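A.B. asks: Got a file for you: model17.cif, mmCIF, C-alpha atoms.
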```cif
data_query
#
loop_
_atom_site.label_atom_id
_atom_site.label_comp_id
_atom_site.auth_asym_id
_atom_site.auth_seq_id
_atom_site.Cartn_x
_atom_site.Cartn_y
_atom_site.Cartn_z
CA MET W 1 37.60 -64.89 0.41
CA GLN W 2 35.39 -64.48 -2.67
CA LEU W 3 32.26 -63.75 -0.65
CA PHE W 4 34.10 -61.18 1.42
CA LEU W 5 35.40 -59.36 -1.67
CA ILE W 6 31.92 -59.38 -3.22
CA PHE W 7 30.56 -57.96 0.01
CA LEU W 8 33.15 -55.14 -0.05
CA LEU W 9 32.40 -54.38 -3.70
CA ASN W 10 28.66 -54.06 -3.09
CA GLU W 11 29.08 -52.02 0.06
CA LEU W 12 31.24 -49.50 -1.79
CA LEU W 13 28.89 -49.44 -4.80
CA PHE W 14 26.00 -48.81 -2.43
CA VAL W 15 27.77 -45.83 -0.82
CA LEU W 16 28.54 -44.49 -4.30
CA LEU W 17 24.86 -44.80 -5.23
CA LEU W 18 23.76 -42.86 -2.14
CA THR W 19 26.26 -40.11 -2.97
CA ILE W 20 24.87 -39.92 -6.52
CA ASN W 21 21.37 -39.82 -5.04
CA ARG W 22 22.42 -36.86 -2.90
CA PHE W 23 23.74 -35.03 -5.96
CA SER W 24 20.45 -35.78 -7.70
CA LEU W 25 18.49 -34.18 -4.85
CA LEU W 26 20.77 -31.17 -5.02
CA LEU W 27 20.31 -30.72 -8.76
CA ARG W 28 16.56 -31.34 -8.75
CA TYR W 29 15.34 -29.52 -5.66
CA ALA W 30 18.00 -27.10 -4.35
CA PRO W 31 16.57 -23.61 -3.68
CA ALA W 32 18.63 -20.85 -5.31
CA GLU W 33 19.85 -19.40 -2.00
CA SER W 34 21.26 -22.75 -0.88
CA LEU W 35 23.65 -22.65 -3.86
CA THR W 36 24.66 -19.04 -3.28
CA LEU W 37 24.32 -17.80 0.29
CA TYR W 38 24.97 -21.22 1.85
CA LYS W 39 27.27 -22.82 -0.71
CA GLN W 40 30.05 -23.07 1.90
CA ASP W 41 27.90 -25.62 3.77
CA LEU W 42 27.63 -28.02 0.84
CA ILE W 43 31.01 -29.70 1.31
CA PRO W 44 30.43 -30.36 5.06
CA ALA W 45 26.96 -31.68 4.13
CA PHE W 46 28.39 -34.21 1.69
CA GLN W 47 31.16 -35.18 4.11
CA ARG W 48 28.69 -35.79 6.93
CA GLY W 49 26.34 -37.50 4.52
CA LEU W 50 29.11 -39.92 3.58
CA ARG W 51 29.29 -41.03 7.20
CA PHE W 52 25.54 -41.65 7.23
CA ASP W 53 25.85 -43.60 3.98
CA PHE W 54 28.61 -45.86 5.31
CA LYS W 55 26.60 -46.43 8.48
CA VAL W 56 23.52 -47.50 6.51
CA ALA W 57 25.57 -49.64 4.10
CA ALA W 58 27.25 -51.39 7.04
CA PHE W 59 23.84 -52.41 8.40
CA ILE W 60 22.22 -53.33 5.09
CA PHE W 61 25.11 -55.52 3.94
CA LEU W 62 25.69 -57.10 7.34
CA PRO W 63 24.04 -60.42 6.27
CA PRO W 64 26.44 -60.87 3.28
CA LEU W 65 29.32 -60.10 5.62
CA VAL W 66 28.16 -62.80 8.05
CA LEU W 67 27.92 -65.28 5.16
CA SER W 68 31.46 -64.40 4.10
CA LEU W 69 32.63 -65.18 7.63
CA ILE W 70 30.84 -68.52 7.68
CA TYR W 71 31.77 -69.73 4.20
CA PRO W 72 35.51 -70.46 4.77
CA PHE W 73 34.53 -73.00 7.43
CA LEU W 74 31.60 -74.65 5.59
CA LYS W 75 32.54 -74.22 1.91
CA LYS W 76 29.02 -75.00 0.72
CA LYS W 77 28.13 -73.96 -2.83
CA ALA W 78 24.59 -73.34 -1.63
CA LEU W 79 25.92 -70.43 0.42
CA LEU W 80 27.36 -68.85 -2.72
CA LYS W 81 24.04 -69.05 -4.54
CA PHE W 82 22.12 -67.78 -1.52
CA ASN W 83 24.57 -64.90 -1.11
CA HIS W 84 24.09 -63.81 -4.73
CA LYS W 85 20.29 -63.92 -4.41
CA LEU W 86 20.44 -62.03 -1.11
CA ILE W 87 22.57 -59.27 -2.62
CA HIS W 88 20.19 -59.01 -5.59
CA PHE W 89 17.24 -58.67 -3.22
CA LEU W 90 19.01 -55.99 -1.14
CA TRP W 91 19.77 -54.00 -4.27
CA ILE W 92 16.25 -54.19 -5.68
CA ALA W 93 14.68 -53.19 -2.36
CA SER W 94 17.19 -50.38 -1.87
CA LEU W 95 16.73 -48.98 -5.38
CA LEU W 96 12.94 -48.92 -4.95
CA ILE W 97 13.32 -47.09 -1.62
CA ILE W 98 15.59 -44.49 -3.23
CA MET W 99 13.06 -44.07 -6.07
CA LEU W 100 10.27 -43.60 -3.53
CA ASP W 101 12.30 -41.08 -1.52
CA GLN W 102 13.08 -38.98 -4.59
CA GLN W 103 9.41 -38.64 -5.48
CA TYR W 104 8.39 -38.27 -1.84
CA TYR W 105 10.65 -35.23 -1.67
CA ALA W 106 9.04 -33.84 -4.83
CA PHE W 107 5.66 -33.87 -3.07
CA PHE W 108 6.42 -33.24 0.63
CA GLN W 109 9.82 -31.44 0.41
CA SER W 110 11.17 -33.95 2.88
CA HIS W 111 12.74 -37.37 3.04
CA ILE W 112 10.39 -40.25 3.84
CA ASN W 113 8.83 -39.49 7.22
CA VAL W 114 6.02 -40.67 9.48
CA LEU W 115 3.38 -39.28 7.08
CA ILE W 116 4.02 -42.24 4.79
CA PHE W 117 2.22 -44.50 7.26
CA GLY W 118 -0.85 -42.30 6.89
CA LEU W 119 -0.72 -42.81 3.12
CA ALA W 120 -0.51 -46.57 3.65
CA GLU W 121 -3.55 -46.46 5.93
CA ASP W 122 -5.63 -44.63 3.31
CA ASP W 123 -7.37 -46.27 0.36
CA THR W 124 -4.49 -48.26 -1.16
CA SER W 125 -5.95 -48.36 -4.66
CA ALA W 126 -6.51 -44.60 -4.66
CA VAL W 127 -2.94 -43.99 -3.50
CA LEU W 128 -1.57 -46.23 -6.27
CA VAL W 129 -3.71 -44.50 -8.91
CA SER W 130 -2.52 -41.10 -7.68
CA ALA W 131 1.13 -42.24 -7.69
CA TRP W 132 0.78 -43.54 -11.25
CA SER W 133 -0.80 -40.33 -12.53
CA ASP W 134 1.31 -37.80 -10.61
CA HIS W 135 4.76 -39.39 -10.73
CA PRO W 136 6.99 -40.74 -13.55
CA VAL W 137 6.77 -44.34 -12.33
CA LEU W 138 7.77 -45.94 -15.63
CA ARG W 139 10.80 -43.69 -16.00
CA TRP W 140 11.95 -44.56 -12.50
CA LEU W 141 11.44 -48.27 -13.07
CA VAL W 142 13.64 -48.04 -16.16
CA ILE W 143 16.33 -46.23 -14.15
CA VAL W 144 16.08 -48.80 -11.34
CA SER W 145 16.38 -51.66 -13.86
CA ILE W 146 19.42 -50.12 -15.55
CA ILE W 147 21.23 -49.58 -12.24
CA PHE W 148 20.37 -53.08 -11.02
CA TYR W 149 21.66 -54.79 -14.17
CA LEU W 150 24.78 -52.64 -14.12
CA VAL W 151 25.48 -53.72 -10.53
CA ARG W 152 24.74 -57.32 -11.46
CA TYR W 153 27.15 -57.08 -14.41
CA LEU W 154 29.91 -55.65 -12.20
CA ASN W 155 29.36 -58.45 -9.70
CA LYS W 156 29.68 -61.13 -12.39
CA LYS W 157 32.87 -59.58 -13.75
CA PHE W 158 34.28 -59.25 -10.25
CA ILE W 159 33.50 -62.90 -9.45
CA LEU W 160 35.51 -64.03 -12.47
CA VAL W 161 38.48 -61.94 -11.33
CA SER W 162 38.23 -62.84 -7.63
CA ASN W 163 38.29 -66.57 -8.43
CA LYS W 164 42.03 -66.14 -9.00
CA TRP W 165 42.62 -64.58 -5.59
CA THR W 166 43.14 -66.98 -2.71
CA LEU W 167 44.43 -66.58 0.81
CA SER W 168 45.66 -69.10 3.34
CA PRO W 169 43.43 -69.74 6.36
CA LYS W 170 45.76 -67.70 8.60
CA LYS W 171 45.73 -64.71 6.25
CA THR W 172 41.95 -64.97 5.90
CA ILE W 173 41.51 -64.89 9.69
CA ALA W 174 43.92 -61.94 9.91
CA LEU W 175 41.93 -60.10 7.23
CA PHE W 176 38.67 -60.59 9.10
CA ALA W 177 40.32 -59.59 12.39
CA ILE W 178 41.36 -56.30 10.80
CA TYR W 179 38.11 -55.56 8.98
CA ILE W 180 35.48 -56.49 11.60
CA PRO W 181 36.46 -53.64 14.00
CA ILE W 182 36.34 -51.28 11.02
CA HIS W 183 32.83 -52.52 10.16
CA VAL W 184 31.71 -51.98 13.76
CA LEU W 185 32.98 -48.40 13.59
CA LEU W 186 31.11 -47.90 10.30
CA MET W 187 27.91 -49.14 11.95
CA ARG W 188 28.51 -46.74 14.81
CA GLY W 189 29.22 -43.86 12.44
CA SER W 190 31.61 -42.09 14.79
CA ILE W 191 35.02 -42.61 16.36
CA THR W 192 35.81 -39.66 18.63
CA SER W 193 32.24 -38.99 19.82
CA PRO W 194 30.92 -40.95 22.84
CA PHE W 195 27.62 -41.33 20.96
CA PRO W 196 26.90 -43.10 17.65
CA LEU W 197 25.86 -41.07 14.62
CA GLN W 198 22.25 -39.99 15.16
CA ARG W 199 19.48 -37.73 13.93
CA ASP W 200 20.87 -34.51 15.45
CA ASP W 201 24.09 -34.94 13.47
CA ILE W 202 22.36 -34.03 10.21
CA ILE W 203 22.53 -30.36 11.25
CA VAL W 204 25.47 -28.74 9.44
CA SER W 205 23.83 -25.57 8.15
CA ASN W 206 21.22 -22.92 8.89
CA HIS W 207 19.49 -23.84 5.65
CA PRO W 208 17.02 -26.75 6.02
CA PHE W 209 17.55 -28.11 2.50
CA ILE W 210 21.29 -28.56 3.05
CA ASN W 211 20.52 -30.45 6.25
CA TYR W 212 18.14 -32.66 4.25
CA LEU W 213 21.04 -33.46 1.94
CA VAL W 214 23.01 -34.92 4.85
CA ASN W 215 20.35 -37.51 5.56
CA ASN W 216 19.61 -40.48 3.31
CA PRO W 217 16.38 -42.42 2.61
CA PHE W 218 17.26 -45.40 4.80
CA PHE W 219 18.15 -43.43 7.90
CA ALA W 220 15.00 -41.37 7.32
CA ILE W 221 12.90 -44.55 7.22
CA LYS W 222 14.45 -45.71 10.50
CA GLU W 223 13.51 -42.40 12.11
CA ALA W 224 9.98 -42.61 10.68
CA ILE W 225 9.48 -46.12 12.10
CA GLN W 226 10.71 -44.99 15.52
CA GLU W 227 8.42 -41.95 15.46
CA LYS W 228 5.51 -44.16 14.44
CA GLY W 229 6.31 -46.45 17.37
CA ARG W 230 6.32 -43.53 19.79
CA SER W 231 2.99 -42.26 18.49
CA SER W 232 1.51 -45.78 18.77
CA SER W 233 2.46 -46.05 22.44
CA PHE W 234 -0.63 -44.07 23.52
CA VAL W 235 -2.68 -46.11 25.98
CA PRO W 236 -6.48 -45.61 25.88
CA GLU W 237 -8.23 -44.37 29.01
CA ASN W 238 -10.28 -47.57 29.48
CA LYS W 239 -7.13 -49.73 29.52
CA ILE W 240 -5.54 -47.57 32.21
CA LEU W 241 -8.70 -47.73 34.33
CA SER W 242 -9.00 -51.51 33.95
CA LYS W 243 -5.32 -51.95 34.84
CA TYR W 244 -5.90 -50.36 38.24
CA ASN W 245 -9.41 -51.82 38.62
CA ILE W 246 -11.08 -48.38 38.60
CA SER W 247 -14.49 -47.85 37.07
CA SER W 248 -14.21 -44.16 36.13
CA VAL W 249 -11.92 -41.14 36.07
CA GLU W 250 -13.98 -39.54 38.85
CA GLU W 251 -13.23 -42.54 41.05
CA ALA W 252 -9.54 -42.12 40.26
CA LEU W 253 -9.70 -38.51 41.54
CA THR W 254 -10.60 -39.75 45.01
CA PHE W 255 -7.26 -41.59 45.22
CA VAL W 256 -5.41 -38.25 45.02
CA GLY W 257 -7.80 -36.54 47.44
CA LYS W 258 -9.74 -34.53 44.86
CA LYS W 259 -13.49 -34.26 44.39
CA ASN W 260 -13.65 -32.89 40.85
CA TRP W 261 -11.48 -31.75 37.93
CA GLU W 262 -11.28 -28.14 39.16
CA ASP W 263 -9.48 -29.30 42.28
CA LEU W 264 -6.55 -30.39 40.12
CA PHE W 265 -5.83 -26.75 39.27
CA THR W 266 -4.37 -24.25 41.71
CA THR W 267 -4.34 -20.44 41.70
CA SER W 268 -1.22 -18.49 42.54
CA PRO W 269 -1.42 -16.37 45.71
CA GLN W 270 -2.41 -12.72 45.51
CA ASN W 271 0.46 -10.39 44.57
CA THR W 272 -0.19 -6.87 45.89
CA VAL W 273 3.04 -5.48 44.43
CA LEU W 274 1.98 -6.55 40.93
CA GLU W 275 -1.49 -5.09 41.45
CA LYS W 276 0.00 -1.68 42.26
CA ASN W 277 2.66 -1.82 39.49
CA LEU W 278 0.94 -3.28 36.46
CA PRO W 279 3.26 -4.13 33.57
CA SER W 280 2.80 -2.02 30.47
CA CYS W 281 4.05 -2.14 26.93
CA LEU W 282 4.78 0.18 24.07
CA CYS W 283 5.54 -0.23 20.42
CA HIS W 284 9.01 0.65 19.18
CA ASP W 285 9.93 0.34 15.50
CA GLY W 286 6.93 -1.89 14.94
CA LYS W 287 7.91 -4.27 17.73
CA LEU W 288 6.03 -4.87 20.96
CA GLU W 289 8.28 -4.25 23.99
CA TRP W 290 7.41 -4.87 27.62
CA LEU W 291 8.48 -2.33 30.24
CA SER W 292 9.79 -3.59 33.56
CA PHE W 293 8.34 -2.20 36.76
#
```
Before anything else, please render the file you have as structure tokens.

C.D. replies:
Amino acid sequence: MQLFLIFLLNELLFVLLLTINRFSLLLRYAPAESLTLYKQDLIPAFQRGLRFDFKVAAFIFLPPLVLSLIYPFLKKKALLKFNHKLIHFLWIASLLIIMLDQQYYAFFQSHINVLIFGLAEDDTSAVLVSAWSDHPVLRWLVIVSIIFYLVRYLNKKFILVSNKWTLSPKKTIALFAIYIPIHVLLMRGSITSPFPLQRDDIIVSNHPFINYLVNNPFFAIKEAIQEKGRSSSFVPENKILSKYNISSVEEALTFVGKKNWEDLFTTSPQNTVLEKNLPSCLCHDGKLEWLSF
């Protein structure tokens, strides 16, 4: 019971943190027109963003949830200690990712995307020197430390309180039976839609910044990793040739009945009607308009 309550506390605190992070992006980077001409889109953006936040939190804190399901049957103190350390690790890693995303937006006007892999492939020492000189690293580390110790303090206080709460085995099983379907729905991110919450769902406005607000750093990283995987799926020419035991591209052309590259291209048949009625254009109000024939 205690592990489950701690899991719930941290999941909710994590969603709260992502909401605060979204407000921070709004205050730091919002273009003026997004707060005036598109202000009606801000509430839908935060509502949709909350769904993304719960989805991410449900995945990140899935290991503590699994431990809370196992503990009532094993009752090993080692699981308690491991759970605390795991939650601390998840918080530290998450806070550093949020810090990185905030400063990434300051430079690229975007959440973390596939370009970050290019930075990692460059001279690492030069990237670190540039980050130290161009970004308030120390200030962010202080903020990260304060938030982490605040979360740790809340966890300790909550543990002392939750020690007094106990449930019978039947009530514990009933509690898990109720919550687990809810957690699955949170991981899916949608109830009525046949599809889980996905990248296209960040679109709630015609203003790109407001759509950026919907997304969060963790979902952005997932998309960046997937995009990196797609770009890495390119197969070199020599591997394709060796797979089919072909020595050259020219030899491959013979398999499709072609002698050279030009044979792969075809020319449309002659159109006498078009030759006699050539299309023309004129300019109207500074715009180029084509006349039909």

A.B. asks: In terms of the shortest atom-to-atom distance over all atoms listed in the file, which of W:Ile210, W:Ile240, W:Leu80, W:Ala93 is closest to W:Arg22?

C.D. replies: W:Ile210

A.B. asks: I would like the residues chosen by the PyMOL selection byres ((chain W and resi 187) around 10) on the shown file; could you give them as a list in words?

C.D. replies: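 After applying the PyMOL selection byres ((chain W and resi 187) around 10), what remains is Arg51, Phe52, Asp53, Phe54, Lys55, Val56, Ala57, Ala58, Phe59, Ile60, Leu62, Pro181, Ile182, His183, Val184, Leu185, Leu186, Arg188, Gly189, Ser190, Pro196 and Leu197 of chain W.
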
A.B. asks: List the residues matched by the PyMOL selection byres ((chain W and resi 46) around 12) in the displayed structure as number ranges by chain, ordered by chain and then by residue number.

C.D. replies: W: 15-16, 18-23, 25-26, 39-45, 47-53, 202-205, 210-216

A.B. asks: One decimal, in Å: what's the spacing between atom CA of W:Trp91 and atom CA of W:Asn155?

C.D. replies: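 For atom CA of W:Trp91 relative to atom CA of W:Asn155, the distance reads 11.9 Å.
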
A.B. asks: What do you get, as a CSV table (one decimal) with C-alpha atoms, in the coordinates of the input, if you spell out every residue that the PyMOL selection byres ((chain W and resi 140) around 10) selects here?

C.D. replies:
```csv
chain,number,residue,atom,x,y,z
W,95,LEU,CA,16.7,-49.0,-5.4
W,96,LEU,CA,12.9,-48.9,-5.0
W,98,ILE,CA,15.6,-44.5,-3.2
W,99,MET,CA,13.1,-44.1,-6.1
W,100,LEU,CA,10.3,-43.6,-3.5
W,102,GLN,CA,13.1,-39.0,-4.6
W,103,GLN,CA,9.4,-38.6,-5.5
W,135,HIS,CA,4.8,-39.4,-10.7
W,136,PRO,CA,7.0,-40.7,-13.6
W,137,VAL,CA,6.8,-44.3,-12.3
W,138,LEU,CA,7.8,-45.9,-15.6
W,139,ARG,CA,10.8,-43.7,-16.0
W,141,LEU,CA,11.4,-48.3,-13.1
W,142,VAL,CA,13.6,-48.0,-16.2
W,143,ILE,CA,16.3,-46.2,-14.2
W,144,VAL,CA,16.1,-48.8,-11.3
W,145,SER,CA,16.4,-51.7,-13.9
W,146,ILE,CA,19.4,-50.1,-15.6
```

A.B. asks: Could you check how far atom CA of W:Leu74 sits from atom CA of W:Gln2, in Å to one decimal?

C.D. replies: 13.6 Å

A.B. asks: What lies within 12 Å of W:Leu69 using only C-alpha atoms, ignoring chain neighbours under 6 positions off, as an NGL selection string?

C.D. replies: :W and (1-5 or 7 or 62-63 or 75 or 79 or 83 or 169 or 172-177 or 179-180)

A.B. asks: So how far away is atom CA of W:Leu150 from atom CA of W:Thr166, in Å?

C.D. replies: 25.9 Å

A.B. asks: May I ask which of the residues W:Lys258, W:Lys156, W:His207, W:Lys243 is the closest one to W:Leu37, counting all atoms listed in the file?

C.D. replies: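 Looking only at the distances to W:Leu37, the closest residue turns out to be W:His207.
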
A.B. asks: Missing atoms in stretch 9-38 of chain W: can you complete it with N, CA and C atoms, as a JSON list (two decimals), in the frame of the given file?

C.D. replies:
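Once everything was written out, this is selection09.json:
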```json
[["chain", "number", "residue", "atom", "x", "y", "z"],
["W", 9, "LEU", "N", 32.75, -55.04, -2.45],
["W", 9, "LEU", "CA", 32.40, -54.38, -3.70],
["W", 9, "LEU", "C", 31.00, -53.77, -3.61],
["W", 10, "ASN", "N", 30.04, -54.54, -3.14],
["W", 10, "ASN", "CA", 28.66, -54.06, -3.09],
["W", 10, "ASN", "C", 28.46, -52.98, -2.04],
["W", 11, "GLU", "N", 29.17, -53.07, -0.96],
["W", 11, "GLU", "CA", 29.08, -52.02, 0.06],
["W", 11, "GLU", "C", 29.58, -50.69, -0.50],
["W", 12, "LEU", "N", 30.70, -50.73, -1.21],
["W", 12, "LEU", "CA", 31.24, -49.50, -1.79],
["W", 12, "LEU", "C", 30.35, -48.97, -2.92],
["W", 13, "LEU", "N", 29.82, -49.86, -3.74],
["W", 13, "LEU", "CA", 28.89, -49.44, -4.80],
["W", 13, "LEU", "C", 27.64, -48.80, -4.20],
["W", 14, "PHE", "N", 27.19, -49.34, -3.09],
["W", 14, "PHE", "CA", 26.00, -48.81, -2.43],
["W", 14, "PHE", "C", 26.26, -47.39, -1.91],
["W", 15, "VAL", "N", 27.42, -47.17, -1.30],
["W", 15, "VAL", "CA", 27.77, -45.83, -0.82],
["W", 15, "VAL", "C", 27.88, -44.86, -1.99],
["W", 16, "LEU", "N", 28.45, -45.32, -3.09],
["W", 16, "LEU", "CA", 28.54, -44.49, -4.30],
["W", 16, "LEU", "C", 27.15, -44.11, -4.80],
["W", 17, "LEU", "N", 26.23, -45.07, -4.79],
["W", 17, "LEU", "CA", 24.86, -44.80, -5.23],
["W", 17, "LEU", "C", 24.20, -43.74, -4.36],
["W", 18, "LEU", "N", 24.38, -43.84, -3.04],
["W", 18, "LEU", "CA", 23.76, -42.86, -2.14],
["W", 18, "LEU", "C", 24.36, -41.47, -2.35],
["W", 19, "THR", "N", 25.64, -41.41, -2.68],
["W", 19, "THR", "CA", 26.26, -40.11, -2.97],
["W", 19, "THR", "C", 25.68, -39.53, -4.26],
["W", 20, "ILE", "N", 25.49, -40.37, -5.27],
["W", 20, "ILE", "CA", 24.87, -39.92, -6.52],
["W", 20, "ILE", "C", 23.44, -39.46, -6.26],
["W", 21, "ASN", "N", 22.73, -40.19, -5.41],
["W", 21, "ASN", "CA", 21.37, -39.82, -5.04],
["W", 21, "ASN", "C", 21.34, -38.44, -4.38],
["W", 22, "ARG", "N", 22.34, -38.16, -3.56],
["W", 22, "ARG", "CA", 22.42, -36.86, -2.90],
["W", 22, "ARG", "C", 22.66, -35.75, -3.92],
["W", 23, "PHE", "N", 23.52, -36.00, -4.88],
["W", 23, "PHE", "CA", 23.74, -35.03, -5.96],
["W", 23, "PHE", "C", 22.46, -34.82, -6.76],
["W", 24, "SER", "N", 21.70, -35.89, -6.97],
["W", 24, "SER", "CA", 20.45, -35.78, -7.70],
["W", 24, "SER", "C", 19.45, -34.88, -6.97],
["W", 25, "LEU", "N", 19.36, -35.05, -5.64],
["W", 25, "LEU", "CA", 18.49, -34.18, -4.85],
["W", 25, "LEU", "C", 18.93, -32.73, -4.95],
["W", 26, "LEU", "N", 20.23, -32.52, -4.93],
["W", 26, "LEU", "CA", 20.77, -31.17, -5.02],
["W", 26, "LEU", "C", 20.41, -30.52, -6.35],
["W", 27, "LEU", "N", 20.57, -31.27, -7.43],
["W", 27, "LEU", "CA", 20.31, -30.72, -8.76],
["W", 27, "LEU", "C", 18.82, -30.53, -9.02],
["W", 28, "ARG", "N", 17.99, -31.40, -8.46],
["W", 28, "ARG", "CA", 16.56, -31.34, -8.75],
["W", 28, "ARG", "C", 15.80, -30.35, -7.87],
["W", 29, "TYR", "N", 16.19, -30.24, -6.61],
["W", 29, "TYR", "CA", 15.34, -29.52, -5.66],
["W", 29, "TYR", "C", 16.01, -28.37, -4.92],
["W", 30, "ALA", "N", 17.29, -28.12, -5.14],
["W", 30, "ALA", "CA", 18.00, -27.10, -4.35],
["W", 30, "ALA", "C", 17.41, -25.71, -4.59],
["W", 31, "PRO", "N", 16.98, -25.00, -3.53],
["W", 31, "PRO", "CA", 16.57, -23.61, -3.68],
["W", 31, "PRO", "C", 17.78, -22.76, -4.09],
["W", 32, "ALA", "N", 17.54, -21.68, -4.78],
["W", 32, "ALA", "CA", 18.63, -20.85, -5.31],
["W", 32, "ALA", "C", 19.56, -20.37, -4.21],
["W", 33, "GLU", "N", 19.00, -19.96, -3.06],
["W", 33, "GLU", "CA", 19.85, -19.40, -2.00],
["W", 33, "GLU", "C", 20.78, -20.43, -1.37],
["W", 34, "SER", "N", 20.39, -21.72, -1.46],
["W", 34, "SER", "CA", 21.26, -22.75, -0.88],
["W", 34, "SER", "C", 22.53, -22.92, -1.70],
["W", 35, "LEU", "N", 22.48, -22.53, -2.98],
["W", 35, "LEU", "CA", 23.65, -22.65, -3.86],
["W", 35, "LEU", "C", 24.46, -21.36, -3.91],
["W", 36, "THR", "N", 23.95, -20.32, -3.28],
["W", 36, "THR", "CA", 24.66, -19.04, -3.28],
["W", 36, "THR", "C", 25.04, -18.62, -1.87],
["W", 37, "LEU", "N", 24.04, -18.30, -1.05],
["W", 37, "LEU", "CA", 24.32, -17.80, 0.29],
["W", 37, "LEU", "C", 24.88, -18.87, 1.22],
["W", 38, "TYR", "N", 24.55, -20.14, 0.95],
["W", 38, "TYR", "CA", 24.97, -21.22, 1.85],
["W", 38, "TYR", "C", 25.85, -22.25, 1.15]]
```
